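As provided, model-v2.pdb (PDB, C-alpha atoms) reads as follows.
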```pdb
ATOM      1  CA  MET A1483       0.000   0.000   0.000
ATOM      2  CA  MET A1484       3.009   2.274   0.408
ATOM      3  CA  LEU A1485       4.121   2.107  -3.226
ATOM      4  CA  PRO A1486       1.340   4.257  -4.779
ATOM      5  CA  LEU A1487       1.801   6.792  -2.024
ATOM      6  CA  PHE A1488       5.526   6.837  -2.661
ATOM      7  CA  LEU A1489       5.027   7.303  -6.417
ATOM      8  CA  ALA A1490       2.517  10.067  -5.877
ATOM      9  CA  LEU A1491       4.800  11.863  -3.513
ATOM     10  CA  SER A1492       7.796  11.512  -5.801
ATOM     11  CA  ALA A1493       5.787  12.803  -8.815
ATOM     12  CA  CYS A1494       6.958   9.842 -10.860
ATOM     13  CA  LYS A1495       6.202  10.363 -14.579
ATOM     14  CA  GLY A1496       6.927   6.792 -15.722
ATOM     15  CA  PRO A1497       4.419   4.476 -17.381
ATOM     16  CA  ALA A1498       1.097   4.507 -15.556
ATOM     17  CA  VAL A1499       1.291   0.829 -14.670
ATOM     18  CA  LEU A1500      -0.400   1.421 -11.360
ATOM     19  CA  SER A1501      -3.301   3.432 -12.709
ATOM     20  CA  GLY A1502      -6.664   1.842 -13.494
ATOM     21  CA  PRO A1503      -7.541   0.112 -16.772
ATOM     22  CA  PRO A1504      -8.025   2.309 -19.838
ATOM     23  CA  PRO A1505     -11.542   3.588 -20.451
ATOM     24  CA  VAL A1506     -13.790   1.202 -22.349
ATOM     25  CA  ALA A1507     -14.355   2.261 -25.972
ATOM     26  CA  ASP A1508     -17.839   3.543 -26.817
ATOM     27  CA  GLN A1509     -18.406   0.691 -29.260
ATOM     28  CA  THR A1510     -17.568  -1.865 -26.588
ATOM     29  CA  THR A1511     -19.832  -0.154 -24.081
ATOM     30  CA  MET A1512     -22.682  -0.289 -26.586
ATOM     31  CA  LEU A1513     -21.992  -3.947 -27.254
ATOM     32  CA  LEU A1514     -22.071  -4.727 -23.542
ATOM     33  CA  HIS A1515     -25.404  -2.883 -23.290
ATOM     34  CA  ALA A1516     -26.686  -4.941 -26.227
ATOM     35  CA  VAL A1517     -25.699  -8.126 -24.386
ATOM     36  CA  THR A1518     -27.613  -7.002 -21.303
ATOM     37  CA  ALA A1519     -30.657  -5.999 -23.379
ATOM     38  CA  GLU A1520     -30.736  -9.423 -25.020
ATOM     39  CA  GLN A1521     -30.450 -11.117 -21.618
ATOM     40  CA  ASN A1522     -33.401  -9.046 -20.412
ATOM     41  CA  LEU A1523     -35.465 -10.092 -23.424
ATOM     42  CA  ILE A1524     -34.671 -13.754 -22.840
ATOM     43  CA  TRP A1525     -35.689 -13.394 -19.202
ATOM     44  CA  ILE A1526     -39.104 -11.976 -20.168
ATOM     45  CA  TYR A1527     -39.676 -14.794 -22.668
ATOM     46  CA  LYS A1528     -38.787 -17.433 -20.102
ATOM     47  CA  LYS A1529     -41.068 -15.864 -17.516
ATOM     48  CA  ALA A1530     -43.958 -15.689 -19.992
ATOM     49  CA  ALA A1531     -43.436 -19.333 -20.970
ATOM     50  CA  ALA A1532     -43.331 -20.353 -17.303
ATOM     51  CA  ALA A1533     -46.435 -18.358 -16.417
ATOM     52  CA  TYR A1534     -48.508 -19.639 -19.356
ATOM     53  CA  SER A1535     -47.506 -23.156 -20.292
ATOM     54  CA  GLY A1536     -49.744 -23.057 -23.355
ATOM     55  CA  LEU A1537     -47.593 -20.277 -24.745
ATOM     56  CA  ALA A1538     -44.313 -22.120 -24.451
ATOM     57  CA  PRO A1539     -44.440 -24.104 -27.738
ATOM     58  CA  SER A1540     -45.443 -21.013 -29.733
ATOM     59  CA  ILE A1541     -42.756 -18.731 -28.389
ATOM     60  CA  ALA A1542     -39.990 -21.343 -28.100
ATOM     61  CA  PRO A1543     -38.634 -20.627 -31.636
ATOM     62  CA  LEU A1544     -38.478 -16.913 -30.881
ATOM     63  CA  LEU A1545     -36.743 -17.575 -27.582
ATOM     64  CA  ALA A1546     -34.227 -19.815 -29.361
ATOM     65  CA  GLU A1547     -33.469 -16.995 -31.789
ATOM     66  CA  HIS A1548     -32.887 -14.584 -28.922
ATOM     67  CA  GLU A1549     -30.463 -17.060 -27.424
ATOM     68  CA  ALA A1550     -28.675 -17.189 -30.779
ATOM     69  CA  HIS A1551     -28.550 -13.377 -30.810
ATOM     70  CA  LEU A1552     -27.052 -13.360 -27.331
ATOM     71  CA  ALA A1553     -24.411 -15.900 -28.311
ATOM     72  CA  GLN A1554     -23.408 -13.837 -31.340
ATOM     73  CA  LEU A1555     -23.272 -10.611 -29.362
ATOM     74  CA  ARG A1556     -21.248 -12.184 -26.570
ATOM     75  CA  GLY A1557     -18.930 -13.675 -29.174
ATOM     76  CA  ARG A1558     -18.109 -10.187 -30.453
ATOM     77  CA  VAL A1559     -16.994  -8.916 -27.054
ATOM     78  CA  ILE A1560     -13.296  -8.655 -26.432
ATOM     79  CA  GLU A1561     -13.485  -8.492 -22.680
ATOM     80  CA  PRO A1562     -12.262  -5.071 -21.612
ATOM     81  CA  ALA A1563      -9.536  -4.971 -18.993
ATOM     82  CA  GLY A1564     -11.044  -4.799 -15.549
ATOM     83  CA  LYS A1565     -14.598  -5.265 -16.831
ATOM     84  CA  ARG A1566     -16.514  -8.538 -17.142
ATOM     85  CA  VAL A1567     -19.018  -9.304 -19.865
ATOM     86  CA  PRO A1568     -22.378  -8.817 -18.131
ATOM     87  CA  ASP A1569     -24.339 -11.954 -17.402
ATOM     88  CA  ALA A1570     -27.024 -10.533 -15.130
ATOM     89  CA  VAL A1571     -30.556  -9.544 -16.008
ATOM     90  CA  THR A1572     -31.167  -5.904 -15.133
ATOM     91  CA  ALA A1573     -34.915  -5.615 -15.741
ATOM     92  CA  ARG A1574     -37.401  -8.113 -14.375
ATOM     93  CA  PRO A1575     -40.923  -7.020 -15.216
ATOM     94  CA  ARG A1576     -43.770  -9.208 -14.005
ATOM     95  CA  PRO A1577     -45.390 -11.197 -16.858
ATOM     96  CA  GLY A1578     -48.714  -9.830 -18.133
ATOM     97  CA  ALA A1579     -51.803 -10.727 -16.113
ATOM     98  CA  THR A1580     -53.272 -12.717 -18.986
ATOM     99  CA  LYS A1581     -51.828 -14.703 -21.850
ATOM    100  CA  ALA A1582     -52.749 -11.932 -24.277
ATOM    101  CA  ALA A1583     -51.178  -9.341 -21.988
ATOM    102  CA  ALA A1584     -48.018 -11.416 -21.726
ATOM    103  CA  LEU A1585     -47.807 -11.601 -25.527
ATOM    104  CA  ALA A1586     -48.415  -7.870 -25.788
ATOM    105  CA  GLN A1587     -45.620  -7.324 -23.270
ATOM    106  CA  LEU A1588     -43.261  -9.449 -25.375
ATOM    107  CA  ARG A1589     -44.246  -7.520 -28.477
ATOM    108  CA  ALA A1590     -43.602  -4.208 -26.748
ATOM    109  CA  ALA A1591     -40.209  -5.485 -25.621
ATOM    110  CA  GLU A1592     -39.387  -6.467 -29.214
ATOM    111  CA  HIS A1593     -40.393  -3.007 -30.439
ATOM    112  CA  ALA A1594     -38.159  -1.414 -27.823
ATOM    113  CA  ALA A1595     -35.293  -3.709 -28.785
ATOM    114  CA  ILE A1596     -35.579  -2.661 -32.436
ATOM    115  CA  ALA A1597     -35.419   1.021 -31.507
ATOM    116  CA  THR A1598     -32.397   0.459 -29.282
ATOM    117  CA  LEU A1599     -30.537  -1.583 -31.884
ATOM    118  CA  MET A1600     -31.185   1.073 -34.516
ATOM    119  CA  SER A1601     -29.737   3.701 -32.206
ATOM    120  CA  ARG A1602     -26.526   1.637 -31.943
ATOM    121  CA  LEU A1603     -25.814   1.601 -35.684
ATOM    122  CA  ASP A1604     -24.053   4.940 -35.752
ATOM    123  CA  GLY A1605     -20.490   4.526 -34.612
ATOM    124  CA  ALA A1606     -20.459   0.746 -34.862
ATOM    125  CA  SER A1607     -17.978  -1.039 -37.105
ATOM    126  CA  PRO A1608     -19.485  -2.253 -40.403
ATOM    127  CA  SER A1609     -19.703  -5.879 -39.294
ATOM    128  CA  LEU A1610     -21.135  -5.005 -35.888
ATOM    129  CA  ALA A1611     -23.643  -2.641 -37.538
ATOM    130  CA  GLN A1612     -24.731  -5.509 -39.779
ATOM    131  CA  LEU A1613     -25.183  -7.754 -36.758
ATOM    132  CA  TYR A1614     -27.312  -5.110 -35.009
ATOM    133  CA  ALA A1615     -29.353  -4.559 -38.189
ATOM    134  CA  SER A1616     -29.898  -8.277 -38.704
ATOM    135  CA  ILE A1617     -30.999  -8.754 -35.107
ATOM    136  CA  ALA A1618     -33.325  -5.754 -35.439
ATOM    137  CA  ALA A1619     -34.830  -7.336 -38.555
ATOM    138  CA  SER A1620     -35.249 -10.575 -36.616
ATOM    139  CA  GLU A1621     -37.052  -8.700 -33.821
ATOM    140  CA  ALA A1622     -39.321  -7.175 -36.493
ATOM    141  CA  THR A1623     -40.294 -10.680 -37.618
ATOM    142  CA  HIS A1624     -40.982 -11.526 -33.979
ATOM    143  CA  VAL A1625     -43.361  -8.565 -33.699
ATOM    144  CA  THR A1626     -45.377  -9.962 -36.596
ATOM    145  CA  ALA A1627     -45.309 -13.481 -35.160
ATOM    146  CA  LEU A1628     -46.444 -12.241 -31.748
ATOM    147  CA  THR A1629     -49.198 -10.158 -33.324
ATOM    148  CA  SER A1630     -50.463 -13.316 -35.034
ATOM    149  CA  LEU A1631     -50.403 -15.175 -31.721
ATOM    150  CA  ILE A1632     -52.335 -12.387 -30.010
ATOM    151  CA  GLY A1633     -54.974 -12.542 -32.734
ATOM    152  CA  SER A1634     -55.284 -16.329 -32.713
TER     153      SER A1634
ATOM    154  CA  MET B1292     -21.048  15.038 -48.940
ATOM    155  CA  ALA B1293     -20.690  13.125 -52.222
ATOM    156  CA  ALA B1294     -21.499   9.431 -52.145
ATOM    157  CA  THR B1295     -18.564   7.101 -52.540
ATOM    158  CA  SER B1296     -18.400   4.409 -55.191
ATOM    159  CA  ALA B1297     -18.925   1.782 -52.468
ATOM    160  CA  GLN B1298     -22.114   3.498 -51.355
ATOM    161  CA  ILE B1299     -23.407   3.751 -54.923
ATOM    162  CA  ALA B1300     -22.518   0.101 -55.562
ATOM    163  CA  ALA B1301     -24.414  -1.020 -52.448
ATOM    164  CA  MET B1302     -27.448   0.998 -53.501
ATOM    165  CA  GLN B1303     -27.299  -0.431 -57.021
ATOM    166  CA  ALA B1304     -27.144  -3.947 -55.569
ATOM    167  CA  ALA B1305     -30.251  -3.230 -53.521
ATOM    168  CA  LEU B1306     -31.984  -1.848 -56.602
ATOM    169  CA  GLU B1307     -31.014  -4.932 -58.574
ATOM    170  CA  ALA B1308     -32.550  -7.115 -55.852
ATOM    171  CA  GLU B1309     -35.740  -5.049 -56.000
ATOM    172  CA  HIS B1310     -35.896  -5.461 -59.782
ATOM    173  CA  ALA B1311     -35.519  -9.216 -59.359
ATOM    174  CA  ALA B1312     -38.256  -9.256 -56.705
ATOM    175  CA  VAL B1313     -40.662  -7.317 -58.936
ATOM    176  CA  TYR B1314     -40.025  -9.825 -61.717
ATOM    177  CA  GLY B1315     -40.213 -12.835 -59.421
ATOM    178  CA  TYR B1316     -43.505 -11.844 -57.856
ATOM    179  CA  GLY B1317     -44.990 -11.856 -61.341
ATOM    180  CA  VAL B1318     -44.140 -15.548 -61.520
ATOM    181  CA  THR B1319     -45.245 -16.181 -57.934
ATOM    182  CA  GLY B1320     -48.587 -14.458 -58.326
ATOM    183  CA  ALA B1321     -49.454 -16.518 -61.365
ATOM    184  CA  MET B1322     -49.315 -19.700 -59.282
ATOM    185  CA  LEU B1323     -51.349 -18.481 -56.313
ATOM    186  CA  THR B1324     -55.043 -17.961 -55.680
ATOM    187  CA  GLY B1325     -57.232 -16.242 -53.109
ATOM    188  CA  ALA B1326     -55.617 -14.620 -50.083
ATOM    189  CA  ALA B1327     -52.145 -15.777 -51.058
ATOM    190  CA  LYS B1328     -52.488 -14.119 -54.450
ATOM    191  CA  SER B1329     -53.667 -10.894 -52.786
ATOM    192  CA  LEU B1330     -50.690 -11.048 -50.461
ATOM    193  CA  ALA B1331     -48.330 -11.578 -53.391
ATOM    194  CA  TYR B1332     -49.873  -8.605 -55.143
ATOM    195  CA  ALA B1333     -49.391  -6.389 -52.086
ATOM    196  CA  ASP B1334     -45.768  -7.522 -51.783
ATOM    197  CA  TRP B1335     -45.187  -6.942 -55.505
ATOM    198  CA  ARG B1336     -46.460  -3.365 -55.064
ATOM    199  CA  ALA B1337     -44.199  -2.866 -52.037
ATOM    200  CA  HIS B1338     -41.186  -3.856 -54.125
ATOM    201  CA  GLN B1339     -42.197  -1.501 -56.921
ATOM    202  CA  ILE B1340     -42.340   1.356 -54.433
ATOM    203  CA  ALA B1341     -38.982   0.391 -52.909
ATOM    204  CA  ARG B1342     -37.467   0.112 -56.401
ATOM    205  CA  ASP B1343     -38.674   3.602 -57.320
ATOM    206  CA  THR B1344     -37.391   5.008 -54.028
ATOM    207  CA  LEU B1345     -33.919   3.583 -54.597
ATOM    208  CA  ALA B1346     -33.846   4.754 -58.212
ATOM    209  CA  ALA B1347     -34.774   8.285 -57.131
ATOM    210  CA  MET B1348     -32.071   8.252 -54.453
ATOM    211  CA  LEU B1349     -29.458   7.203 -57.009
ATOM    212  CA  VAL B1350     -30.525   9.893 -59.460
ATOM    213  CA  LYS B1351     -30.284  12.461 -56.683
ATOM    214  CA  LEU B1352     -26.710  11.318 -56.082
ATOM    215  CA  GLY B1353     -25.889  11.744 -59.767
ATOM    216  CA  ALA B1354     -25.778   8.014 -60.564
ATOM    217  CA  ALA B1355     -27.689   6.220 -63.302
ATOM    218  CA  PRO B1356     -29.912   3.588 -61.652
ATOM    219  CA  VAL B1357     -29.323   0.058 -62.883
ATOM    220  CA  VAL B1358     -32.169  -0.995 -65.174
ATOM    221  CA  ALA B1359     -34.158  -4.194 -64.826
ATOM    222  CA  SER B1360     -33.211  -7.195 -66.901
ATOM    223  CA  PRO B1361     -35.855  -8.470 -69.315
ATOM    224  CA  ALA B1362     -35.863 -11.743 -67.378
ATOM    225  CA  TYR B1363     -34.219 -13.312 -64.334
ATOM    226  CA  THR B1364     -33.154 -16.881 -63.757
ATOM    227  CA  LEU B1365     -35.285 -18.374 -61.018
ATOM    228  CA  PRO B1366     -33.484 -20.359 -58.328
ATOM    229  CA  PHE B1367     -35.782 -23.350 -58.922
ATOM    230  CA  ALA B1368     -38.752 -24.317 -61.046
ATOM    231  CA  VAL B1369     -42.015 -22.755 -59.916
ATOM    232  CA  THR B1370     -44.773 -25.169 -60.821
ATOM    233  CA  ASN B1371     -47.355 -24.905 -58.066
ATOM    234  CA  ALA B1372     -48.460 -22.870 -55.047
ATOM    235  CA  ALA B1373     -45.889 -24.432 -52.713
ATOM    236  CA  SER B1374     -42.954 -23.597 -54.956
ATOM    237  CA  ALA B1375     -44.428 -20.135 -55.558
ATOM    238  CA  ARG B1376     -44.395 -19.518 -51.800
ATOM    239  CA  ARG B1377     -40.814 -20.736 -51.608
ATOM    240  CA  LEU B1378     -39.875 -18.368 -54.416
ATOM    241  CA  ALA B1379     -41.529 -15.448 -52.625
ATOM    242  CA  ALA B1380     -39.499 -16.240 -49.495
ATOM    243  CA  ALA B1381     -36.313 -16.536 -51.565
ATOM    244  CA  LEU B1382     -36.978 -13.185 -53.253
ATOM    245  CA  GLU B1383     -37.486 -11.527 -49.893
ATOM    246  CA  ASP B1384     -34.306 -13.129 -48.552
ATOM    247  CA  GLY B1385     -32.413 -11.706 -51.529
ATOM    248  CA  VAL B1386     -33.729  -8.212 -50.927
ATOM    249  CA  THR B1387     -32.989  -8.450 -47.197
ATOM    250  CA  ARG B1388     -29.424  -9.521 -47.956
ATOM    251  CA  ALA B1389     -28.948  -6.623 -50.387
ATOM    252  CA  TYR B1390     -30.106  -4.057 -47.843
ATOM    253  CA  LEU B1391     -27.761  -5.583 -45.277
ATOM    254  CA  GLY B1392     -24.979  -4.644 -47.680
ATOM    255  CA  LEU B1393     -26.049  -1.026 -47.356
ATOM    256  CA  VAL B1394     -25.681  -1.243 -43.579
ATOM    257  CA  ALA B1395     -21.946  -1.833 -43.999
ATOM    258  CA  VAL B1396     -21.316   1.460 -45.803
ATOM    259  CA  ASN B1397     -19.640   4.299 -43.993
ATOM    260  CA  ASN B1398     -22.557   6.715 -44.227
ATOM    261  CA  ARG B1399     -24.924   7.224 -41.311
ATOM    262  CA  SER B1400     -28.052   7.967 -43.366
ATOM    263  CA  LEU B1401     -27.556   5.075 -45.767
ATOM    264  CA  ARG B1402     -26.744   2.707 -42.924
ATOM    265  CA  ILE B1403     -29.969   3.548 -41.125
ATOM    266  CA  PHE B1404     -31.910   3.454 -44.387
ATOM    267  CA  GLY B1405     -30.549  -0.030 -45.124
ATOM    268  CA  ALA B1406     -31.296  -1.331 -41.627
ATOM    269  CA  LEU B1407     -34.871  -0.037 -41.761
ATOM    270  CA  ALA B1408     -35.358  -1.312 -45.302
ATOM    271  CA  MET B1409     -34.357  -4.835 -44.219
ATOM    272  CA  GLN B1410     -37.253  -5.199 -41.823
ATOM    273  CA  PRO B1411     -40.223  -5.417 -44.243
ATOM    274  CA  PRO B1412     -38.629  -8.036 -46.538
ATOM    275  CA  ALA B1413     -37.409 -10.046 -43.536
ATOM    276  CA  THR B1414     -40.963 -10.026 -42.180
ATOM    277  CA  ARG B1415     -42.480 -10.942 -45.546
ATOM    278  CA  ALA B1416     -39.976 -13.794 -45.927
ATOM    279  CA  ALA B1417     -41.033 -15.158 -42.535
ATOM    280  CA  VAL B1418     -44.692 -14.981 -43.529
ATOM    281  CA  TRP B1419     -44.103 -16.835 -46.806
ATOM    282  CA  ARG B1420     -41.812 -19.377 -45.178
ATOM    283  CA  GLY B1421     -44.040 -19.857 -42.159
ATOM    284  CA  SER B1422     -41.129 -19.467 -39.756
ATOM    285  CA  THR B1423     -38.606 -16.903 -38.636
ATOM    286  CA  VAL B1424     -34.802 -17.005 -38.794
ATOM    287  CA  ALA B1425     -32.351 -15.694 -36.222
ATOM    288  CA  PHE B1426     -30.250 -13.530 -38.541
ATOM    289  CA  PRO B1427     -32.137 -12.225 -41.571
ATOM    290  CA  GLY B1428     -29.871 -11.239 -44.427
ATOM    291  CA  MET B1429     -26.817 -13.003 -43.031
ATOM    292  CA  PRO B1430     -25.193 -15.846 -45.001
ATOM    293  CA  GLY B1431     -26.759 -19.212 -44.332
ATOM    294  CA  GLN B1432     -30.071 -17.752 -43.170
ATOM    295  CA  GLN B1433     -32.059 -18.381 -46.345
ATOM    296  CA  ALA B1434     -34.752 -20.983 -46.770
TER     297      ALA B1434
END
```

Please express what this file holds, its structure, as structure tokens.
Amino acid sequence: MMLPLFLALSACKGPAVLSGPPPVADQTTMLLHAVTAEQNLIWIYKKAAAAYSGLAPSIAPLLAEHEAHLAQLRGRVIEPAGKRVPDAVTARPRPGATKAAALAQLRAAEHAAIATLMSRLDGASPSLAQLYASIAASEATHVTALTSLIGS
Amino acid sequence: MAATSAQIAAMQAALEAEHAAVYGYGVTGAMLTGAAKSLAYADWRAHQIARDTLAAMLVKLGAAPVVASPAYTLPFAVTNAASARRLAAALEDGVTRAYLGLVAVNNRSLRIFGALAMQPPATRAAVWRGSTVAFPGMPGQQA
């Protein structure tokens, strides 16, 4: 514990080996947020499937696609120094009070995900932008699928 | 800011895909009846509108829009309603893939345009196919 104090007192200008990790690049921060957002979506799907067992077979393909999205997003993360790839859900809304409400909640979450992914395009690398755009297009197909389920 | 050749090329590729879709839906529609035929007609109109939008954008950028071919080679024989549906899905996959190319360009407006333009064909492909895919437009995601 004495070494940092010593260096500070001696005004050492050498390499900042004792300082904290470098700041995380904006693109990485956005990617980490995308990982968390996908985890939140998966959580809502699982809760809806658990609350309404009749829904599970219908939404299982959509859930599987979200899990594929998460795997791809996580695969793009080069873990920043001093920062772990998030694996915790940060939003845990209660499933809708009825099956239709639960589906509407999933649809609203998909809409929100599309808007968020679109906002991440600017500043992303070309390949990451394409991944965001493809996932957003996938969420758009989910909106249509969920709308069909609500109407059925 | 003037568009780069890469941006123009990506837009021309999207326009080419729209031309192919307009042609292909003519084949698809001929094999369908009832609600499916109405759906094909609506999708055909959507591609005509998208085609005209892209052509106008290219003209505005000073480029000559690529013209439609008199005919396009279909990826498989279309002989009945089932194959017509498969063709519709394939056409939509092609358009989705072309717009994904626009997302890679280094231009904020075109990137957002491409990402938004992917969503309707991805959705139409899912409707024709009867199932969704995880990564519309990406290699290996076609029916």

Residues of chain B within 9 Å of chain A: nearest atom pair and distance (Å, one decimal) for each, counting all atoms listed in the file, sorted by chain and number, as CSV?
```
residue,atom,partner,partner_atom,distance
B:Thr1387,CA,A:Ala1619,CA,8.9
B:Leu1391,CA,A:Gln1612,CA,6.3
B:Gly1392,CA,A:Gln1612,CA,8.0
B:Leu1393,CA,A:Gln1612,CA,8.9
B:Val1394,CA,A:Gln1612,CA,5.8
B:Ala1395,CA,A:Pro1608,CA,4.4
B:Val1396,CA,A:Pro1608,CA,6.8
B:Asn1397,CA,A:Pro1608,CA,7.5
B:Asn1398,CA,A:Asp1604,CA,8.8
B:Arg1399,CA,A:Asp1604,CA,6.1
B:Arg1402,CA,A:Leu1603,CA,7.4
B:Ile1403,CA,A:Leu1603,CA,7.1
B:Gly1405,CA,A:Ala1615,CA,8.4
B:Ala1406,CA,A:Ala1615,CA,5.1
B:Leu1407,CA,A:Ala1619,CA,8.0
B:Met1409,CA,A:Ala1619,CA,6.2
B:Gln1410,CA,A:Ala1619,CA,4.6
B:Pro1411,CA,A:Ala1622,CA,8.0
B:Pro1412,CA,A:Ala1619,CA,8.9
B:Ala1413,CA,A:Ala1619,CA,6.2
B:Thr1414,CA,A:Thr1623,CA,4.7
B:Arg1415,CA,A:Thr1623,CA,8.2
B:Ala1416,CA,A:Thr1623,CA,8.9
B:Ala1417,CA,A:Thr1623,CA,6.7
B:Val1418,CA,A:Ala1627,CA,8.5
B:Ser1422,CA,A:Pro1543,CA,8.6
B:Thr1423,CA,A:Thr1623,CA,6.5
B:Val1424,CA,A:Ser1620,CA,6.8
B:Ala1425,CA,A:Glu1547,CA,4.8
B:Phe1426,CA,A:Ser1616,CA,5.3
B:Pro1427,CA,A:Ser1616,CA,5.4
B:Gly1428,CA,A:Ser1616,CA,6.4
B:Met1429,CA,A:Ser1616,CA,7.1
```

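The residue set within 12 Å of Ala1294 in chain B, counting all atoms listed in the file and dropping same-chain residues fewer than 2 places from it, reads B:Met1292, B:Ser1296, B:Ala1297, B:Gln1298, B:Ile1299, B:Ala1300, B:Ala1301, B:Met1302, B:Met1348, B:Leu1349, B:Val1350, B:Lys1351, B:Leu1352, B:Gly1353, B:Ala1354, B:Val1396, B:Asn1397, B:Asn1398, B:Arg1399, B:Ser1400, B:Leu1401.
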
Could the residues in this selection be saved with C-alpha atoms as an mmCIF file, in the frame of the given file?
```
data_model
loop_
_atom_site.group_PDB
_atom_site.id
_atom_site.type_symbol
_atom_site.label_atom_id
_atom_site.label_comp_id
_atom_site.auth_asym_id
_atom_site.auth_seq_id
_atom_site.Cartn_x
_atom_site.Cartn_y
_atom_site.Cartn_z
ATOM 1 C CA MET B 1292 -21.048 15.038 -48.940
ATOM 2 C CA SER B 1296 -18.400 4.409 -55.191
ATOM 3 C CA ALA B 1297 -18.925 1.782 -52.468
ATOM 4 C CA GLN B 1298 -22.114 3.498 -51.355
ATOM 5 C CA ILE B 1299 -23.407 3.751 -54.923
ATOM 6 C CA ALA B 1300 -22.518 0.101 -55.562
ATOM 7 C CA ALA B 1301 -24.414 -1.020 -52.448
ATOM 8 C CA MET B 1302 -27.448 0.998 -53.501
ATOM 9 C CA MET B 1348 -32.071 8.252 -54.453
ATOM 10 C CA LEU B 1349 -29.458 7.203 -57.009
ATOM 11 C CA VAL B 1350 -30.525 9.893 -59.460
ATOM 12 C CA LYS B 1351 -30.284 12.461 -56.683
ATOM 13 C CA LEU B 1352 -26.710 11.318 -56.082
ATOM 14 C CA GLY B 1353 -25.889 11.744 -59.767
ATOM 15 C CA ALA B 1354 -25.778 8.014 -60.564
ATOM 16 C CA VAL B 1396 -21.316 1.460 -45.803
ATOM 17 C CA ASN B 1397 -19.640 4.299 -43.993
ATOM 18 C CA ASN B 1398 -22.557 6.715 -44.227
ATOM 19 C CA ARG B 1399 -24.924 7.224 -41.311
ATOM 20 C CA SER B 1400 -28.052 7.967 -43.366
ATOM 21 C CA LEU B 1401 -27.556 5.075 -45.767
#
```

Which distance in Å separates CA of Arg1558 in chain A and CA of Leu1523 in chain A, to one decimal?
18.7 Å

I'd like the residues picked by the PyMOL selection byres ((chain B and resi 1327) around 12) written out as a ChimeraX atom specification, using the chain letters and numbers from the file.
/B:1316,1319-1326,1328-1334,1372-1373,1375-1376,1379,1418-1419

Just to be explicit: take each residue in the selection above, keep C-alpha atoms, and write the result as an mmCIF file, in the coordinates of the input.
```cif
data_model
loop_
_atom_site.group_PDB
_atom_site.id
_atom_site.type_symbol
_atom_site.label_atom_id
_atom_site.label_comp_id
_atom_site.auth_asym_id
_atom_site.auth_seq_id
_atom_site.Cartn_x
_atom_site.Cartn_y
_atom_site.Cartn_z
ATOM 1 C CA TYR B 1316 -43.505 -11.844 -57.856
ATOM 2 C CA THR B 1319 -45.245 -16.181 -57.934
ATOM 3 C CA GLY B 1320 -48.587 -14.458 -58.326
ATOM 4 C CA ALA B 1321 -49.454 -16.518 -61.365
ATOM 5 C CA MET B 1322 -49.315 -19.700 -59.282
ATOM 6 C CA LEU B 1323 -51.349 -18.481 -56.313
ATOM 7 C CA THR B 1324 -55.043 -17.961 -55.680
ATOM 8 C CA GLY B 1325 -57.232 -16.242 -53.109
ATOM 9 C CA ALA B 1326 -55.617 -14.620 -50.083
ATOM 10 C CA LYS B 1328 -52.488 -14.119 -54.450
ATOM 11 C CA SER B 1329 -53.667 -10.894 -52.786
ATOM 12 C CA LEU B 1330 -50.690 -11.048 -50.461
ATOM 13 C CA ALA B 1331 -48.330 -11.578 -53.391
ATOM 14 C CA TYR B 1332 -49.873 -8.605 -55.143
ATOM 15 C CA ALA B 1333 -49.391 -6.389 -52.086
ATOM 16 C CA ASP B 1334 -45.768 -7.522 -51.783
ATOM 17 C CA ALA B 1372 -48.460 -22.870 -55.047
ATOM 18 C CA ALA B 1373 -45.889 -24.432 -52.713
ATOM 19 C CA ALA B 1375 -44.428 -20.135 -55.558
ATOM 20 C CA ARG B 1376 -44.395 -19.518 -51.800
ATOM 21 C CA ALA B 1379 -41.529 -15.448 -52.625
ATOM 22 C CA VAL B 1418 -44.692 -14.981 -43.529
ATOM 23 C CA TRP B 1419 -44.103 -16.835 -46.806
#
```

Quick one: distance from CA of Ala1311 in chain B to CA of Val1358 in chain B in Å, one decimal?
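Those two atoms sit 10.6 Å apart.
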
Just to confirm, what's the straight-line distance from CA of Pro1568 in chain A to CA of His1515 in chain A in Å (one decimal)?
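These atoms are spaced 8.4 Å apart.
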
Exercise: Leu1378 in chain B partners within 8 Å, all atoms listed in the file, chain neighbours under 5 positions left out, as a list in words
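In the requested form, the answer reads Gly1315, Thr1319, Pro1366, Phe1367 and Val1369 of chain B.
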
If you count all atoms listed in the file, which residues fall within 12 Å of Ala1530 in chain A, apart from same-chain ones fewer than 4 positions away, as number ranges by chain?
A: 1523-1526, 1534-1542, 1545, 1574-1589

Could you name the residues that touch Leu1306 in chain B at 8 Å or less, counting only C-alpha atoms, but leaving out those on the same chain fewer than 5 positions away, as a list of chain:residue names?
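My reading of the contact set: B:Arg1342, B:Leu1345, B:Ala1346, B:Pro1356, B:Val1357.
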
Have a look at B:Ile1340, B:Val1318, B:Ala1304, B:Val1313 and name the one nearest to Leu1365 in chain B; count all atoms listed in the file.
B:Val1318
